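Visitor: Have a look at the structure that comes next, please.
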Amino acid sequence: MTSITLDHIAHSYMGKPKDDSGYQLKPLNHVWEHGLAYALLGPSGCGKTTLLNVISGLVIPSEGRLLFGERDVTRLPTEQRNIAQVFQFPVIYDTMTVAENLAFPLKNRRQPRLVIEKRVAEIADMLDLTADLNRRARGLTADAKQKISLGRGLVRSDVSAVLFDEPLTVIDPALKWELRSKLKRVHRALDLLMIYVTHDQIEALTFADKVVVMNDGRAVQIGTPAELFYQPEHTFVGYFIGSPGMNFLPAEVRGARAHVAGFEMALGATYADMPKGRNIQVGVRPEFVAGTRGAGLPAQVRRVSDLGRKRLAYVSLAGHPLVATLPHDMESVGETLNIAIDAANTHVYLDDVRVAGRAP
Amino acid sequence: MTFALDHIGLSVGGTNVIDDVCLTFEAGSLNVLLGPTLAGKTTIMRLMAGLDRPTSGRLLLDGRDVTGVPVRERSVAMVYQQFINYPSLSVFENIASPLRVAGLPSAEIESRVREAARVLRLENLLQRLPSQLSGGQQQRTAIARALVKRAGLVLLDEPLANLDYKLREELREELPRIFSATGAVLVYATTEPSEALLLGGATATLSEGRVTQFGPTSAVYRDPARIEAARVFSDPPLNELAVVNQGGAVKSADGRALGRVAALASRPDGAYRLGFRADAASIGPPSPGALSFEGVVSVTELSGSESFVHADVGFGVWVCLVEGVHEWAPGQTVNVNVDPARMFAFDGQGDRVRARSPAEVAA
C-alpha cells in the first residue's frame with residue numbers, strides 16, 4: 001500500500017525563477033492516495049505531462065521531493081520506481097502472442113510461472129482478450145493492440161502506480177465507451193493507484209475519482225467530478241469543464257444581489273463587500289440558465305443550437321454573450337428570450353478565484 | 001455551384017470500398033460525413049478532390065462531368081487531420097503558397113493572406129516557423145491556406161481531431177462561419193456524433209463505404225432511416241435488443257413479454273430489432289407504459305452533472321443516461337425503464353419501421 005506525495009514539487013528549465021511565471025510546473029503539494037483513480041486534465045502546454053513525467057522519473061524536478069510511501073524517489077531512474085506506464089500509441093511486441101505480451105512485465109521480474117498464468121488469465125478476462133490469447137499481436141487492429149497495452153500496464157499487482165498518457169486518443173468513439181468502462185471496472189477490482197493524463201474532460205470526469213485541473217503550470221483545482229461541475233474554484237475550471245463552459249458576466253456584488261449590465265440578479269449566498277478596482281464576475285453554467293415564457297431577464301437571441309439531447313440558445317444580455325438551455329417544450333424561439341438564472345448555482349469570482357459567501 | 005456524386009463506386013482488388021454513393025451539395029452548404037474509422041470518409045473526399053479516380057459513377061459540377069479532371073485543374077482545398085505545413089516556410093509563406101503557385105500578383109497575395117490570418121487569429125504569428133507554433137496554431141495555418149485559395153469545394157477531413165478539447169469547441173464554432181462566407185461547398189468528416197450536431201447543416205451517415213442516410217443533421221439524428229444510421233449517430237452507443245412482435249405486443253428473444261411498442265402495432269408479426277439512445281432509458285421502479293428490464297450495474301461514470309450507468313440486462317450491456325450525480329455500485333441490481341415512444345424499430349433488413357396511420361392501415 002503506497003501513496004505518492006508531492007512535497008513542494010516544482011519544475012523550471014532555467015534554474016530558480018524569480019517568480020511563479022518562470023515555472024513550467026508551479027509549486028505543488030499533493031498526496032495521491034493508494035487505490036484511487038486520478039485524472040490530470042488541461043489544455044496542451046498546461047504542465048500535465050511534465051507532472052506525469054516527474055512521477056515516472058523522465059523529469060527530475062528542479063525543486064521539491066517526491067515520495068513513494070516514505071521512500072524519497074526524487075532522483076531515482078524510472079526502472080527503480082516500480083511503476084507501470086501506458087502510452088498514447090500501443091507499445092507491444094508484434095512477434096509475440098497476446099498472452100506473451102501480457103506476461104512480459106511479469107517474466108521480466110522472474111515471477112513464478114503459475115503466478116504469471118493466473119494473472120494473465122485474470123487480466124485477459126477483464127479486457128475481453130481471452131479468445132485472442134494465443135494469437136500473434138501482429139495481425140490485430142490498432143484498438144486491440146491498445147487493449148493489450150492497457151493489459152500490460154495493469155498486469156503487475158505490486159506497482160506503486162499505473163500512469164496513463166492519453167491512452168484512448170487513437171480509439172474510435174464507440175469503443176472508447178467500452179474501454180473506459182472496462183478500465184474503471186478493472187480499477188475497482190485491482191486496488192491500484194492510477195493517474196491518467198488527458199485533455200478530454202469527458203474522459204477525465206468519467207474515469208477519475210478525483211480530477212486535477214491544470215492551467216499554465218498550476219493545479220487550479222483538485223476535486224471530484226461533481227465538485228468541478230457544481231463548484232468551480234477558479235474561472236478556468238468553469239470554462240474548461242462543461243461543454244459549453246460556464247458563463248461569466250462582469251458584476252458588482254452587494255450582499256446577496258449582483259448588478260450585471262443594468263440588471264439585478266439574486267445570488268445564493270450573501271457576500272462581504274468586494275475590494276475596489278478588481279475583476280469581479282458572476283459565473284453560472286448554461287445548465288442553470290433556462291429560457292422561460294415566464295418572468296426573467298430579457299435577452300437577445302443570436303442563434304439556437306440543437307445538440308440532440310438538448311437545445312442551447314446563444315443569447316446576448318445587454319451586450320454580454322450568454323448560453324442558456326431551452327426547456328424541452330419550448331419549440332420555437334423568437335428574437336428575444338426571457339432567461340431565468342438559478343441563484344443557488346451562481347458563483348462570485350474575484351480575480352478569477354471563487355469567493356465563498358455566507359449561506360442565507 | 002452544385003457538386004454531385006452520381007452513383008460513385010470504388011473497387012480495390014475486387015472489393016467495393018465505396019459502394020454506389022449518391023450525394024448532392026449546394027454552394028454555401030455545410031455537409032458532414034459521419035462514420036467510424038474505415039467507413040470511407042477520407043476515400044470519398046479523395047474521390048471528390050480528384051486525388052483518386054472512381055471505378056464507377058460520375059462527379060458532376062453544375063451538371064458537367066468532371067470525373068476525369070485532375071486535382072490541379074479543380075477548385076478544391078483540403079485540410080487533413082494531421083496538419084501539414086512547409087517546415088522551412090514562415091506562417092505567411094505557408095498560407096501564401098497556393099497563391100504563389102497560381103501566380104497571383106504580390107499585392108493580391110498580401111491582402112488575401114492578411115485577411116485569412118485575421119479571420120483565423122494568426123496575425124501576430126505570420127513571421128514564425130511552424131515548429132514555433134502550438135498544434136492549434138499549426139492547424140489554423142493549414143486552414144488559412146485552404147481559405148485563401150477561395151476554392152469552390154473545401155474538404156475538411158477530421159480537421160480538429162488532433163486538437164485540444166476546448167480549442168476544438170472554439171474552432172468548430174468558427175469554421176462553418178468562416179467558410180460559409182466564401183460560398184464554398186464545405187464537406188466535413190468526423191467520427192463524432194456530437195461534432196456533427198454542433199456543426200448542424202446536413203449529415204450523411206456512412207457505414208462500410210455506403211451512405212446510409214443523408215438529410216438535415218438534426219432530422220437524421222431524430223429520425224434515423226436505417227439501423228446503421230442510428231448506430232453511427234449515437235454516442236454513447238445505441239442500446240439494442242432483438243424482439244418478436246405480435247400485433248404491437250413485443251417479447252424478448254427468450255420469450256419474456258415486454259410491453260407494447262406503437263411503431264410495431266400495425267406491422268406483420270415476426271422478428272424486429274429495437275434501438276434507443278442512452279437518454280431514452282431511466283432507472284427506477286417499473287413505470288406504466290415503459291418497457292422494464294432488470295439489469296446488473298457494471299459501472300457508473302459521472303460527467304459532472306450527469307451519470308452514465310452501464311447495466312448488463314442479460315442480452316448486452318446498455319448505457320443509461322441519468323441526470324444528476326448518482327453512484328450505483330457495480331453488482332447492484334437495478335430496473336431500467338425505456339420509453340417505447342423513444343425506441344426506433346427496425347425490420348430484418350435494418351430498415352426503420354414506423355407506426356402506420358389509420359388511413360395507411362385501411363388502405
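We label chains A, B, ... in the order they appear in the C-alpha cells, count residues from 1 in each chain, and number ligands from 1 in the order shown.
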Please provide as a PyMOL selection string all residues within 8 Å of region 65-67 of chain B, with the sequence filter that same-chain residues fewer than 2 positions apart are discarded (counting only C-alpha atoms).
Guide: chain B and resi 50+53-54+58-61+63+69
Visitor: Using only C-alpha atoms, which protein or nucleic acid residues come within 7 Å of His199 (chain A)? Drop anything in the same chain fewer than 6 positions from it, and give the result as number ranges by chain.
Guide: A: 41-43; B: 164-165
Visitor: Against chain B, which residues of chain A fall within 10 Å? For each one I want the closest pair of atoms and the distance in Å (one decimal), counting only C-alpha atoms, rows by chain and increasing residue number, as JSON lines.
Guide:
{"residue": "A:Gly42", "atom": "CA", "partner": "B:Asp164", "partner_atom": "CA", "distance": 8.7}
{"residue": "A:Pro43", "atom": "CA", "partner": "B:Asp164", "partner_atom": "CA", "distance": 6.0}
{"residue": "A:Ser44", "atom": "CA", "partner": "B:Asp164", "partner_atom": "CA", "distance": 6.7}
{"residue": "A:Gly45", "atom": "CA", "partner": "B:Ser134", "partner_atom": "CA", "distance": 8.7}
{"residue": "A:Thr169", "atom": "CA", "partner": "B:Asn162", "partner_atom": "CA", "distance": 8.7}
{"residue": "A:Val170", "atom": "CA", "partner": "B:Asn162", "partner_atom": "CA", "distance": 9.9}
{"residue": "A:Ile171", "atom": "CA", "partner": "B:Thr37", "partner_atom": "CA", "distance": 9.2}
{"residue": "A:Asp172", "atom": "CA", "partner": "B:Pro36", "partner_atom": "CA", "distance": 6.6}
{"residue": "A:Pro173", "atom": "CA", "partner": "B:Glu192", "partner_atom": "CA", "distance": 6.7}
{"residue": "A:Ala174", "atom": "CA", "partner": "B:Pro237", "partner_atom": "CA", "distance": 5.7}
{"residue": "A:Leu175", "atom": "CA", "partner": "B:Pro237", "partner_atom": "CA", "distance": 8.7}
{"residue": "A:Lys176", "atom": "CA", "partner": "B:Pro236", "partner_atom": "CA", "distance": 9.3}
{"residue": "A:Trp177", "atom": "CA", "partner": "B:Pro236", "partner_atom": "CA", "distance": 6.8}
{"residue": "A:Glu178", "atom": "CA", "partner": "B:Pro237", "partner_atom": "CA", "distance": 9.3}
{"residue": "A:Arg180", "atom": "CA", "partner": "B:Glu301", "partner_atom": "CA", "distance": 9.1}
{"residue": "A:Ser181", "atom": "CA", "partner": "B:Val299", "partner_atom": "CA", "distance": 6.4}
{"residue": "A:Lys182", "atom": "CA", "partner": "B:Val299", "partner_atom": "CA", "distance": 8.3}
{"residue": "A:Leu183", "atom": "CA", "partner": "B:Val299", "partner_atom": "CA", "distance": 9.9}
{"residue": "A:Lys184", "atom": "CA", "partner": "B:Val299", "partner_atom": "CA", "distance": 7.2}
{"residue": "A:Arg185", "atom": "CA", "partner": "B:Val299", "partner_atom": "CA", "distance": 6.4}
{"residue": "A:Arg188", "atom": "CA", "partner": "B:Pro330", "partner_atom": "CA", "distance": 8.9}
{"residue": "A:Thr198", "atom": "CA", "partner": "B:Asp164", "partner_atom": "CA", "distance": 9.3}
{"residue": "A:His199", "atom": "CA", "partner": "B:Asp164", "partner_atom": "CA", "distance": 6.0}
{"residue": "A:Asp200", "atom": "CA", "partner": "B:Tyr165", "partner_atom": "CA", "distance": 5.6}
{"residue": "A:Gln201", "atom": "CA", "partner": "B:Tyr165", "partner_atom": "CA", "distance": 7.5}
{"residue": "A:Ile202", "atom": "CA", "partner": "B:Ser303", "partner_atom": "CA", "distance": 6.1}
{"residue": "A:Glu203", "atom": "CA", "partner": "B:Ser303", "partner_atom": "CA", "distance": 8.6}
{"residue": "A:Ala204", "atom": "CA", "partner": "B:Ser303", "partner_atom": "CA", "distance": 8.5}
{"residue": "A:Leu205", "atom": "CA", "partner": "B:Ser303", "partner_atom": "CA", "distance": 5.1}
{"residue": "A:Thr206", "atom": "CA", "partner": "B:Glu301", "partner_atom": "CA", "distance": 4.6}
{"residue": "A:Phe207", "atom": "CA", "partner": "B:Glu301", "partner_atom": "CA", "distance": 6.8}
{"residue": "A:Ala208", "atom": "CA", "partner": "B:Leu302", "partner_atom": "CA", "distance": 8.8}
{"residue": "A:Asp209", "atom": "CA", "partner": "B:Leu302", "partner_atom": "CA", "distance": 9.3}
{"residue": "A:Thr224", "atom": "CA", "partner": "B:Gly304", "partner_atom": "CA", "distance": 8.5}
{"residue": "A:Pro225", "atom": "CA", "partner": "B:Gly304", "partner_atom": "CA", "distance": 4.9}
{"residue": "A:Ala226", "atom": "CA", "partner": "B:Gly304", "partner_atom": "CA", "distance": 4.8}
{"residue": "A:Glu227", "atom": "CA", "partner": "B:Gly304", "partner_atom": "CA", "distance": 7.8}
{"residue": "A:Leu228", "atom": "CA", "partner": "B:Gly304", "partner_atom": "CA", "distance": 7.0}
{"residue": "A:Phe229", "atom": "CA", "partner": "B:Gly304", "partner_atom": "CA", "distance": 4.9}
{"residue": "A:Tyr230", "atom": "CA", "partner": "B:Gly304", "partner_atom": "CA", "distance": 7.6}
{"residue": "A:Tyr239", "atom": "CA", "partner": "B:Lys166", "partner_atom": "CA", "distance": 8.8}
{"residue": "A:Phe240", "atom": "CA", "partner": "B:Lys166", "partner_atom": "CA", "distance": 6.7}
{"residue": "A:Ile241", "atom": "CA", "partner": "B:Gly304", "partner_atom": "CA", "distance": 8.2}
{"residue": "A:Gly242", "atom": "CA", "partner": "B:Gly304", "partner_atom": "CA", "distance": 7.7}
{"residue": "A:Ser243", "atom": "CA", "partner": "B:Glu169", "partner_atom": "CA", "distance": 8.0}
{"residue": "A:Pro244", "atom": "CA", "partner": "B:Glu169", "partner_atom": "CA", "distance": 7.8}
{"residue": "A:Gly245", "atom": "CA", "partner": "B:Lys166", "partner_atom": "CA", "distance": 9.0}
{"residue": "A:Glu287", "atom": "CA", "partner": "B:Ser305", "partner_atom": "CA", "distance": 8.7}
{"residue": "A:Ser305", "atom": "CA", "partner": "B:Leu198", "partner_atom": "CA", "distance": 6.8}
{"residue": "A:Asp306", "atom": "CA", "partner": "B:Leu197", "partner_atom": "CA", "distance": 6.7}
{"residue": "A:Leu307", "atom": "CA", "partner": "B:Leu197", "partner_atom": "CA", "distance": 5.3}
{"residue": "A:Gly308", "atom": "CA", "partner": "B:Ser218", "partner_atom": "CA", "distance": 6.8}
{"residue": "A:Arg309", "atom": "CA", "partner": "B:Asp279", "partner_atom": "CA", "distance": 7.4}
Visitor: Write out as a count of residues only the set of residues from region 168-224 of chain A that DSSP, computed on the backbone, places in alpha helix (DSSP H).
Guide: 25
Visitor: Report the distance between CA of Ser266 (chain B) and CA of Ala359 (chain B) in Å, rounded to one decimal place.
Guide: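 Result for CA of Ser266 (chain B) versus CA of Ala359 (chain B): 11.4 Å, one decimal.
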Visitor: Just asking: which residues within region 85-166 of chain A are strand (DSSP E) according to DSSP, as a list in words?
Guide: Gln85, Val86, Ala161, Val162, Leu163, Phe164 and Asp165 of chain A
Visitor: What's the 8 Å shell around region 24-38 of chain A, counting only C-alpha atoms, without same-chain residues fewer than 6 positions away, as a ChimeraX atom specification?
Guide: /A:1-13,47,50-51,187,191-196,207-212,216-219
Visitor: The selected residues should be written to file as a JSON list (two decimals), in the first residue's frame (atoms: C-alpha atoms).
Guide:
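Once written, selection34.json looks like this:
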[["chain", "number", "residue", "atom", "x", "y", "z"],
["A", 1, "MET", "CA", 0.00, 0.00, 0.00],
["A", 2, "THR", "CA", 1.78, 3.13, -1.18],
["A", 3, "SER", "CA", 0.59, 6.64, -1.63],
["A", 4, "ILE", "CA", 2.62, 9.14, -3.64],
["A", 5, "THR", "CA", 3.46, 12.50, -2.11],
["A", 6, "LEU", "CA", 4.43, 15.65, -3.99],
["A", 7, "ASP", "CA", 6.29, 17.72, -1.42],
["A", 8, "HIS", "CA", 6.72, 21.27, -2.80],
["A", 9, "ILE", "CA", 7.34, 19.85, -6.25],
["A", 10, "ALA", "CA", 8.09, 22.47, -8.91],
["A", 11, "HIS", "CA", 9.92, 22.45, -12.19],
["A", 12, "SER", "CA", 11.71, 25.07, -14.20],
["A", 13, "TYR", "CA", 14.09, 24.51, -17.08],
["A", 47, "GLY", "CA", 2.09, 21.08, -17.43],
["A", 50, "THR", "CA", 5.51, 17.40, -17.10],
["A", 51, "LEU", "CA", 3.83, 16.40, -13.84],
["A", 187, "HIS", "CA", -9.58, -0.17, -11.25],
["A", 191, "ASP", "CA", -6.91, -1.71, -5.88],
["A", 192, "LEU", "CA", -4.23, 0.28, -7.74],
["A", 193, "LEU", "CA", -3.30, 3.95, -7.78],
["A", 194, "MET", "CA", -3.97, 5.16, -11.32],
["A", 195, "ILE", "CA", -3.03, 8.53, -12.80],
["A", 196, "TYR", "CA", -4.47, 9.34, -16.20],
["A", 207, "PHE", "CA", -12.69, 7.78, -15.32],
["A", 208, "ALA", "CA", -11.45, 9.51, -12.21],
["A", 209, "ASP", "CA", -12.41, 9.61, -8.55],
["A", 210, "LYS", "CA", -10.59, 12.93, -8.43],
["A", 211, "VAL", "CA", -9.56, 15.27, -11.21],
["A", 212, "VAL", "CA", -6.59, 17.64, -11.08],
["A", 216, "ASP", "CA", -0.44, 27.35, -17.16],
["A", 217, "GLY", "CA", 1.67, 25.06, -14.94],
["A", 218, "ARG", "CA", -0.64, 25.31, -11.96],
["A", 219, "ALA", "CA", -3.11, 22.85, -10.43]]
Visitor: Please provide the set of residues having any atom within 12 Å of Ala202 (chain B), restricted to only C-alpha atoms, with same-chain residues fewer than 2 positions apart removed, written as a PyMOL selection string.
Guide: chain B and resi 23-26+28-34+185-189+196-200+204-205+213-221
Visitor: For the residues in that selection, give me C-alpha atoms as a short mmCIF file (atom, residue, chain, number, x, y, z; two decimals), in the first residue's frame.
Guide:
data_model
loop_
_atom_site.label_atom_id
_atom_site.label_comp_id
_atom_site.auth_asym_id
_atom_site.auth_seq_id
_atom_site.Cartn_x
_atom_site.Cartn_y
_atom_site.Cartn_z
CA LEU B 23 -24.87 12.91 -52.74
CA THR B 24 -25.65 16.44 -53.92
CA PHE B 25 -24.13 19.50 -52.24
CA GLU B 26 -25.20 23.12 -52.87
CA GLY B 28 -22.61 27.69 -49.33
CA SER B 29 -23.80 24.48 -47.66
CA LEU B 30 -22.17 22.67 -44.76
CA ASN B 31 -22.16 18.91 -45.09
CA VAL B 32 -20.94 16.38 -42.53
CA LEU B 33 -19.70 12.91 -43.39
CA LEU B 34 -20.26 10.96 -40.17
CA VAL B 185 -19.37 23.73 -50.71
CA LEU B 186 -18.00 22.66 -47.34
CA VAL B 187 -17.63 18.97 -46.52
CA TYR B 188 -16.51 17.98 -43.04
CA ALA B 189 -15.63 14.44 -41.98
CA ALA B 196 -22.00 16.65 -36.34
CA LEU B 197 -24.79 18.04 -34.15
CA LEU B 198 -22.76 21.10 -33.19
CA LEU B 199 -21.90 21.80 -36.81
CA GLY B 200 -25.51 21.44 -37.95
CA ALA B 204 -24.54 11.82 -44.42
CA THR B 205 -24.08 8.77 -42.20
CA GLN B 213 -28.84 8.35 -44.84
CA PHE B 214 -28.45 11.98 -45.95
CA GLY B 215 -30.51 14.94 -44.76
CA PRO B 216 -30.61 17.88 -42.35
CA THR B 217 -28.39 16.94 -39.39
CA SER B 218 -31.00 17.16 -36.65
CA ALA B 219 -33.55 15.26 -38.79
CA VAL B 220 -31.11 12.40 -39.38
CA TYR B 221 -30.37 12.34 -35.65
#
Visitor: Using only C-alpha atoms, pick whichever of B:Pro268, B:Gly314, B:Gly183, B:Gly259 has the shortest atom-to-atom distance to Pro286 (chain B).
Guide: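 Smallest distance to Pro286 (chain B) is found for B:Gly259.
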Visitor: In Å, rounded to a single decimal, give me how far CA of Gly209 (chain B) is from CA of Gly40 (chain B).
Guide: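 Answer for the CA of Gly40 (chain B) to CA of Gly209 (chain B) separation: 4.8 Å.
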Visitor: Which residues, written as a PyMOL selection string, have at least one atom at most 6 Å from region 265-277 of chain A, with only C-alpha atoms counted and residues fewer than 4 positions away on the same chain left out?
Guide: chain A and resi 255-258+343-344+357-360
Visitor: Tell me, in Å to one decimal, how far CA of Tyr86 (chain B) is from CA of Val113 (chain B).
Guide: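 Separation of CA of Tyr86 (chain B) and CA of Val113 (chain B): 15.8 Å.
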Visitor: Compile the contact shell of Lys118 (chain A) as number ranges by chain: residues with an atom at most 12 Å away, counting only C-alpha atoms, same-chain residues fewer than 2 positions apart removed.
Guide: A: 99, 102-103, 106, 111-116, 120-125, 155-157
